[in-house]
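Accompanying notes for the structure given below.
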Amino acid sequence: MQNNRLASLLKEAVLTFVISLILFGPISGLVLDGFGFRNELGRSVTLAAIITAGRVLVSLAGMSEIGKRLRSRLTSSNSGVTVNTGQERSPLLPLAVLFLAGLALPFFADKYFLGIAILALIYCLLGLGLNIVVGLAGLLDLGFVAFYAVGAYLLALGYQYLGLGFWSALVIAPFLAGLFGMVLAFPVLKMHGDYLAIVTLGFGEIIRLVLNNWLEFTGGPNGAPVPAPTLFGLEFTRTAKQGGVPIHEFLGISYSGDYKFWFIYVVLFLVVCAVIYAVHRLRVMPLGRMWEALREDEIACRSLGVNHVFTKLSAFMLGASTGGIAGVFFAVHQGFVNPTSFTFFESALILAIVVLGGLGSTVGVVLAAIVLTILPELLRDFAEYRVLVFGILMVVMMIWKPRGLVRLTRPAFFPSSHSEAGIALRLEPQTEAGR
Amino acid sequence: MKTPILEVQNVTMRFGGIVANRDVSFAAERGAITALIGPNGAGKTTIFNCITGFYRASEGRILLNGRNGPQDIGQLMTRPITGGSHLVTRAGIARTFQNIRLFKEMSVVENLLVAQHLATRNNLLSGVFRTRAYRAAETEAVDRAYFWLSQMNLASDANRLAGELPYGRQRRLEIARAMCTSPALICLDEPAAGLNPSETRELSEVIQRLCAEHDLSVLVIEHDMGLVMRIADHIVVLDHGEVISDGTPDSVANDPAVIAAYLGVSEEEVTA
Ligand SMILES: Nc1ncnc2c1ncn2[C@@H]1O[C@H](COP(=O)(O)OP(=O)(O)OP(=O)(O)O)[C@@H](O)[C@H]1O
Ligand SMILES: [Mg+2]
């Protein structure tokens, strides 16, 4: 037994060494020197040795007791979904603490960190919106950034042409983005899911190209300015520009550019909390259930009288609306919009958030959004490898955790106390105990 | 005589060159169990799909005499914009599938709640703010779900994932789910496939009880002749897409054309 293990370990080590030698040989073993090569095979041997040592260590760790337990834990949690027992403690207290901590963040954070926090919250919003479409309803949307752009440009162009402010844009954006979503999706929702992915991909590009090329209206690549937010006529600029009173004059304090970001952060935080609550409710509401049922089996849904086109449409529109709201916040935070913020890469990033978060899990999406926005900031030095790291992360996820980082749970339902089944069910445990 | 709940009139279904059903006509009586039998590939599932609104019959007419008077299935499906198979369910026809189609990653109760989406409050705002009407409708739906679960002996599995249930229970859950749409006619496609003899017996009792106690008409496709002979009031036999026999279990069992179709005897020998 012991011998056997040793032999297999040795075999593995030799195999790893040979493969890495083959890989590293030409890459790091041959160095260009003028017009010829210089042999530096020693380097590749060292690299291969390091890799082999690592491989052996991993195998040894896997053979130890702790490693075995860890592995069985990792593989067993793969199965994904569980149903609640209905006896979970309500997480109200930690949630309240989190909420207050989130609200108080501006008092502790510096301007740089607050900027990142705002960005993270915007991606939370985008992730939550796309999560409705992809995670709950199972419709692949590759052009989600289009609705983000609709929201952002609504504020910029609405201010320029119609004199819309931050608040009116915030109210109109979900409807406008939802309308765009409806016009786009209605013709294709009757078809199979793959068509929707292609159409949305195209739509995302069309919106970007229109914004880029319709110079007279959108300002083209030069972008468009966005007004600063206001609060009941109070403004956050040094001098009043929108016919109100600057807030520092109103309160009699000295001017600071930070007030604007504090304000944006607090409003955004409240909106994100409201959206989280709404999405959380949706999962136990008939509409959300129908979305998930559609994702599971469309034909069965139709056999139960669910209008699949309208149900999908509602998911698509609600997702788009959330994207539109995120766009307004993005615009007001940047103070300026231009088409380069709305490329396909952005759509892919939002999709990565949803997939990493675990298709359908609200907590997962929020965590993934925060991690994926803060990580690049912490790893500034590796900025060029960001996409590479994303790619590796996605591949690793799909292999080991295809259901996302956070385990999904389903709500439990119990009959009301005055129904027959309810009485029978409450009697049951007693008889069981009596046996 | 009572009007039949379902009338299939001269239905022909073509898939390109293949004729799956040719000139099929039969009627399902109200409050009775009608069985549809025939060898593999006879076109039973195809006619089911026409009845439940998943296919539009190439020719012919299917009439449902449900709660809202006579309704043409074909018209429900082709109604502009809002039309589709879901309207057929809303008119009162529920169905199960030959290959079980549950929402596997949702709990058993949720499966039944989806089926009741017409009875619950689907309004977004009422759900987010949990209005009183919303809560009342939701409680009622959960109670109805538990009612059907206990009718099918599934109440102990209520808060499990549907995909985790044993096969026989999944079959019963599918029937319970169909019943939650409060249908007038339920169409069961091979409900006993893959069940063991005791489960099959239990199932036949369930079907008979549905019919007797819940004012329901049943149309069932089944290969298990024992089950069919035991529960059916009326049998329709299909072969090669055509009706070859139609009548009471006794008359069908003794019909030479049926025996020939099942035993594979050639036409000449039957007429001879
Ligand atoms: N969508 C389709 N396209 C083309 N041909 C089809 C289609 N559906 C069914 N058919 C054909 O119609 C015929 C009848 O099929 P059907 O599924 O109705 O048989 P069945 O009586 O239900 O058989 P079984 O007892 O095996 O379930 C078969 O020859 C089948 O190949
Ligand atoms: Mg069949």
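If you're wondering about the labels, chains in the structure tokens are A, B, ... by order shown, residues count from 1 in each chain, ligands from 1 in order shown.
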
Distance query Ala49 of chain A at most 12 Å, only C-alpha atoms, self and fewer than 2 positions along chain excluded, as a list in words: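 Surrounding residues, per the criterion: Ala13, Val14, Leu15, Thr16, Phe17, Val18, Ile19, Ser20, Leu21, Phe24, Gly42, Arg43, Ser44, Val45, Thr46, Leu47, Ile51, Thr52, Ala53, Gly54, Arg55 and Val56 of chain A.
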
Test item: chain A residues at most 7 Å from chain B, counting only C-alpha atoms, as a PDB file with N, CA and C atoms, in the first residue's frame:
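The new file selection.pdb reads:
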ATOM      1  N   VAL A  81     -28.188  23.056  -4.925  1.00  0.00           N
ATOM      2  CA  VAL A  81     -29.362  23.651  -4.300  1.00  0.00           C
ATOM      3  C   VAL A  81     -29.823  22.860  -3.081  1.00  0.00           C
ATOM      4  N   VAL A  83     -33.099  22.985   0.078  1.00  0.00           N
ATOM      5  CA  VAL A  83     -34.325  23.635   0.513  1.00  0.00           C
ATOM      6  C   VAL A  83     -34.172  23.988   1.982  1.00  0.00           C
ATOM      7  N   ALA A 278     -36.040  43.853  -3.121  1.00  0.00           N
ATOM      8  CA  ALA A 278     -37.028  43.495  -4.142  1.00  0.00           C
ATOM      9  C   ALA A 278     -36.676  42.151  -4.779  1.00  0.00           C
ATOM     10  N   ARG A 281     -37.424  39.380  -2.457  1.00  0.00           N
ATOM     11  CA  ARG A 281     -38.863  39.099  -2.426  1.00  0.00           C
ATOM     12  C   ARG A 281     -39.284  38.355  -3.684  1.00  0.00           C
ATOM     13  N   MET A 285     -41.911  35.197  -4.761  1.00  0.00           N
ATOM     14  CA  MET A 285     -43.180  35.686  -5.314  1.00  0.00           C
ATOM     15  C   MET A 285     -43.555  34.890  -6.554  1.00  0.00           C
ATOM     16  N   PRO A 286     -44.840  34.903  -6.911  1.00  0.00           N
ATOM     17  CA  PRO A 286     -45.258  34.132  -8.069  1.00  0.00           C
ATOM     18  C   PRO A 286     -44.466  34.469  -9.333  1.00  0.00           C
ATOM     19  N   LEU A 287     -44.210  35.750  -9.544  1.00  0.00           N
ATOM     20  CA  LEU A 287     -43.509  36.131 -10.767  1.00  0.00           C
ATOM     21  C   LEU A 287     -42.109  35.522 -10.803  1.00  0.00           C
ATOM     22  N   ARG A 289     -41.026  32.977  -9.173  1.00  0.00           N
ATOM     23  CA  ARG A 289     -41.135  31.521  -9.295  1.00  0.00           C
ATOM     24  C   ARG A 289     -41.356  31.118 -10.735  1.00  0.00           C
ATOM     25  N   MET A 290     -42.179  31.900 -11.437  1.00  0.00           N
ATOM     26  CA  MET A 290     -42.431  31.560 -12.837  1.00  0.00           C
ATOM     27  C   MET A 290     -41.159  31.722 -13.665  1.00  0.00           C
ATOM     28  N   ALA A 293     -39.111  28.724 -12.969  1.00  0.00           N
ATOM     29  CA  ALA A 293     -39.724  27.556 -13.590  1.00  0.00           C
ATOM     30  C   ALA A 293     -39.451  27.561 -15.093  1.00  0.00           C
ATOM     31  N   GLU A 296     -36.105  26.305 -15.719  1.00  0.00           N
ATOM     32  CA  GLU A 296     -36.008  24.866 -15.519  1.00  0.00           C
ATOM     33  C   GLU A 296     -36.607  24.103 -16.689  1.00  0.00           C
ATOM     34  N   ASP A 297     -37.810  24.473 -17.097  1.00  0.00           N
ATOM     35  CA  ASP A 297     -38.470  23.716 -18.149  1.00  0.00           C
ATOM     36  C   ASP A 297     -39.587  24.546 -18.778  1.00  0.00           C
ATOM     37  N   ALA A 300     -42.901  22.489 -19.725  1.00  0.00           N
ATOM     38  CA  ALA A 300     -43.755  22.210 -18.569  1.00  0.00           C
ATOM     39  C   ALA A 300     -44.497  23.471 -18.153  1.00  0.00           C
ATOM     40  N   ARG A 302     -45.492  25.930 -20.024  1.00  0.00           N
ATOM     41  CA  ARG A 302     -46.619  26.188 -20.923  1.00  0.00           C
ATOM     42  C   ARG A 302     -47.765  25.254 -20.603  1.00  0.00           C
ATOM     43  N   SER A 303     -47.428  24.024 -20.214  1.00  0.00           N
ATOM     44  CA  SER A 303     -48.500  23.072 -19.905  1.00  0.00           C
ATOM     45  C   SER A 303     -49.230  23.463 -18.631  1.00  0.00           C
ATOM     46  N   LEU A 304     -48.665  24.405 -17.863  1.00  0.00           N
ATOM     47  CA  LEU A 304     -49.338  24.849 -16.649  1.00  0.00           C
ATOM     48  C   LEU A 304     -50.029  26.186 -16.854  1.00  0.00           C
ATOM     49  N   GLY A 305     -50.075  26.630 -18.086  1.00  0.00           N
ATOM     50  CA  GLY A 305     -50.806  27.861 -18.372  1.00  0.00           C
ATOM     51  C   GLY A 305     -49.991  29.120 -18.191  1.00  0.00           C
ATOM     52  N   VAL A 306     -48.678  28.988 -18.071  1.00  0.00           N
ATOM     53  CA  VAL A 306     -47.833  30.183 -17.941  1.00  0.00           C
ATOM     54  C   VAL A 306     -47.600  30.769 -19.336  1.00  0.00           C
ATOM     55  N   ASN A 307     -47.872  32.053 -19.470  1.00  0.00           N
ATOM     56  CA  ASN A 307     -47.594  32.702 -20.747  1.00  0.00           C
ATOM     57  C   ASN A 307     -46.102  32.970 -20.820  1.00  0.00           C
ATOM     58  N   ARG A 410     -33.621  27.201  -1.396  1.00  0.00           N
ATOM     59  CA  ARG A 410     -34.988  27.453  -1.811  1.00  0.00           C
ATOM     60  C   ARG A 410     -35.828  27.698  -0.565  1.00  0.00           C
ATOM     61  N   ALA A 412     -38.824  27.500   2.145  1.00  0.00           N
ATOM     62  CA  ALA A 412     -39.724  26.432   2.581  1.00  0.00           C
ATOM     63  C   ALA A 412     -41.129  27.009   2.735  1.00  0.00           C
ATOM     64  N   PHE A 413     -42.122  26.190   2.481  1.00  0.00           N
ATOM     65  CA  PHE A 413     -43.509  26.629   2.638  1.00  0.00           C
ATOM     66  C   PHE A 413     -44.253  25.652   3.541  1.00  0.00           C
ATOM     67  N   PRO A 415     -48.236  24.738   5.355  1.00  0.00           N
ATOM     68  CA  PRO A 415     -49.659  25.071   5.254  1.00  0.00           C
ATOM     69  C   PRO A 415     -50.071  25.955   6.422  1.00  0.00           C
ATOM     70  N   SER A 416     -51.092  26.770   6.203  1.00  0.00           N
ATOM     71  CA  SER A 416     -51.564  27.625   7.291  1.00  0.00           C
ATOM     72  C   SER A 416     -52.211  26.747   8.350  1.00  0.00           C
ATOM     73  N   SER A 419     -55.764  24.980   7.923  1.00  0.00           N
ATOM     74  CA  SER A 419     -56.073  24.037   6.845  1.00  0.00           C
ATOM     75  C   SER A 419     -55.926  22.610   7.360  1.00  0.00           C
ATOM     76  N   ALA A 421     -54.431  20.030   6.011  1.00  0.00           N
ATOM     77  CA  ALA A 421     -53.076  19.509   5.888  1.00  0.00           C
ATOM     78  C   ALA A 421     -52.198  20.056   6.997  1.00  0.00           C
TER      79      ALA A 421
END

Shell of 10 Å around Lys260 of chain A, only C-alpha atoms, local chain residues under 4 positions omitted, as a ChimeraX atom specification: /A:228-230,235-237,247,256,264-265,332-333

Let me see the file: selected residues, all heavy atoms, as a short mmCIF file (atom, residue, chain, number, x, y, z; two decimals), in the first residue's frame.
data_model
loop_
_atom_site.label_atom_id
_atom_site.label_comp_id
_atom_site.auth_asym_id
_atom_site.auth_seq_id
_atom_site.Cartn_x
_atom_site.Cartn_y
_atom_site.Cartn_z
N ALA A 228 -24.25 67.81 -11.94
CA ALA A 228 -24.07 67.28 -10.59
C ALA A 228 -25.45 67.04 -9.98
O ALA A 228 -26.43 67.65 -10.39
CB ALA A 228 -23.28 68.27 -9.74
N PRO A 229 -25.53 66.15 -9.00
CA PRO A 229 -26.84 65.87 -8.39
C PRO A 229 -27.33 67.03 -7.53
O PRO A 229 -26.53 67.89 -7.13
CB PRO A 229 -26.56 64.65 -7.53
CG PRO A 229 -25.12 64.75 -7.20
CD PRO A 229 -24.47 65.36 -8.39
N THR A 230 -28.61 67.06 -7.28
CA THR A 230 -29.17 68.06 -6.37
C THR A 230 -30.03 67.36 -5.34
O THR A 230 -30.44 66.22 -5.54
CB THR A 230 -30.08 69.05 -7.14
OG1 THR A 230 -31.12 68.29 -7.78
CG2 THR A 230 -29.31 69.83 -8.17
N GLU A 235 -27.44 72.25 -4.07
CA GLU A 235 -26.49 71.75 -5.05
C GLU A 235 -25.17 71.42 -4.39
O GLU A 235 -24.84 71.92 -3.32
CB GLU A 235 -26.30 72.78 -6.16
CG GLU A 235 -27.58 72.96 -6.95
CD GLU A 235 -27.37 73.84 -8.15
OE1 GLU A 235 -26.23 73.93 -8.63
OE2 GLU A 235 -28.35 74.44 -8.60
N PHE A 236 -24.41 70.55 -5.07
CA PHE A 236 -23.16 70.09 -4.48
C PHE A 236 -21.96 70.70 -5.17
O PHE A 236 -20.85 70.24 -5.00
CB PHE A 236 -23.10 68.57 -4.53
CG PHE A 236 -24.13 67.93 -3.64
CD1 PHE A 236 -25.41 67.67 -4.09
CD2 PHE A 236 -23.82 67.63 -2.33
CE1 PHE A 236 -26.35 67.11 -3.27
CE2 PHE A 236 -24.76 67.07 -1.49
CZ PHE A 236 -26.04 66.81 -1.97
N THR A 237 -22.19 71.72 -5.97
CA THR A 237 -21.08 72.40 -6.63
C THR A 237 -20.71 73.64 -5.83
O THR A 237 -21.45 74.08 -4.97
CB THR A 237 -21.48 72.78 -8.07
OG1 THR A 237 -22.85 73.19 -8.06
CG2 THR A 237 -21.32 71.62 -9.00
N ILE A 247 -24.93 73.60 -1.17
CA ILE A 247 -25.26 73.03 0.15
C ILE A 247 -24.36 73.57 1.25
O ILE A 247 -24.80 73.76 2.38
CB ILE A 247 -25.21 71.49 0.10
CG1 ILE A 247 -25.80 70.90 1.38
CG2 ILE A 247 -23.80 70.98 -0.09
CD1 ILE A 247 -26.26 69.49 1.26
N SER A 256 -16.47 71.49 0.18
CA SER A 256 -15.58 70.37 -0.10
C SER A 256 -16.19 69.57 -1.25
O SER A 256 -17.40 69.36 -1.30
CB SER A 256 -15.44 69.47 1.14
OG SER A 256 -15.05 68.17 0.73
N ILE A 264 -23.94 60.89 -3.38
CA ILE A 264 -24.16 59.83 -4.37
C ILE A 264 -24.08 58.46 -3.70
O ILE A 264 -24.92 57.59 -3.93
CB ILE A 264 -23.13 59.91 -5.51
CG1 ILE A 264 -23.35 61.18 -6.31
CG2 ILE A 264 -23.23 58.70 -6.42
CD1 ILE A 264 -22.31 61.42 -7.36
N TYR A 265 -23.07 58.33 -2.84
CA TYR A 265 -22.89 57.03 -2.19
C TYR A 265 -24.13 56.65 -1.38
O TYR A 265 -24.63 55.53 -1.48
CB TYR A 265 -21.66 57.05 -1.28
CG TYR A 265 -21.53 55.76 -0.50
CD1 TYR A 265 -20.92 54.65 -1.08
CD2 TYR A 265 -22.05 55.63 0.78
CE1 TYR A 265 -20.83 53.47 -0.40
CE2 TYR A 265 -21.96 54.45 1.48
CZ TYR A 265 -21.34 53.36 0.89
OH TYR A 265 -21.27 52.18 1.55
N VAL A 332 -23.71 60.22 -13.12
CA VAL A 332 -23.63 61.32 -12.16
C VAL A 332 -22.33 61.21 -11.36
O VAL A 332 -21.75 62.22 -10.95
CB VAL A 332 -24.88 61.34 -11.25
CG1 VAL A 332 -24.75 60.40 -10.09
CG2 VAL A 332 -25.15 62.75 -10.76
N HIS A 333 -21.84 60.01 -11.19
CA HIS A 333 -20.57 59.83 -10.48
C HIS A 333 -19.40 60.33 -11.33
O HIS A 333 -18.50 61.01 -10.83
CB HIS A 333 -20.40 58.35 -10.14
CG HIS A 333 -19.06 58.03 -9.56
ND1 HIS A 333 -18.58 58.63 -8.43
CD2 HIS A 333 -18.11 57.15 -9.96
CE1 HIS A 333 -17.38 58.16 -8.16
NE2 HIS A 333 -17.08 57.26 -9.08
#

Contacts of ligand 2, 12 Å or closer, only C-alpha atoms and all ligand atoms, given as a ChimeraX atom specification: /B:20,36-49,96-99,188-191,193,220-223,238,241

Those in segment 79-192 of chain B with strand (DSSP E) from DSSP, as number ranges by chain: B: 93-95, 185-189
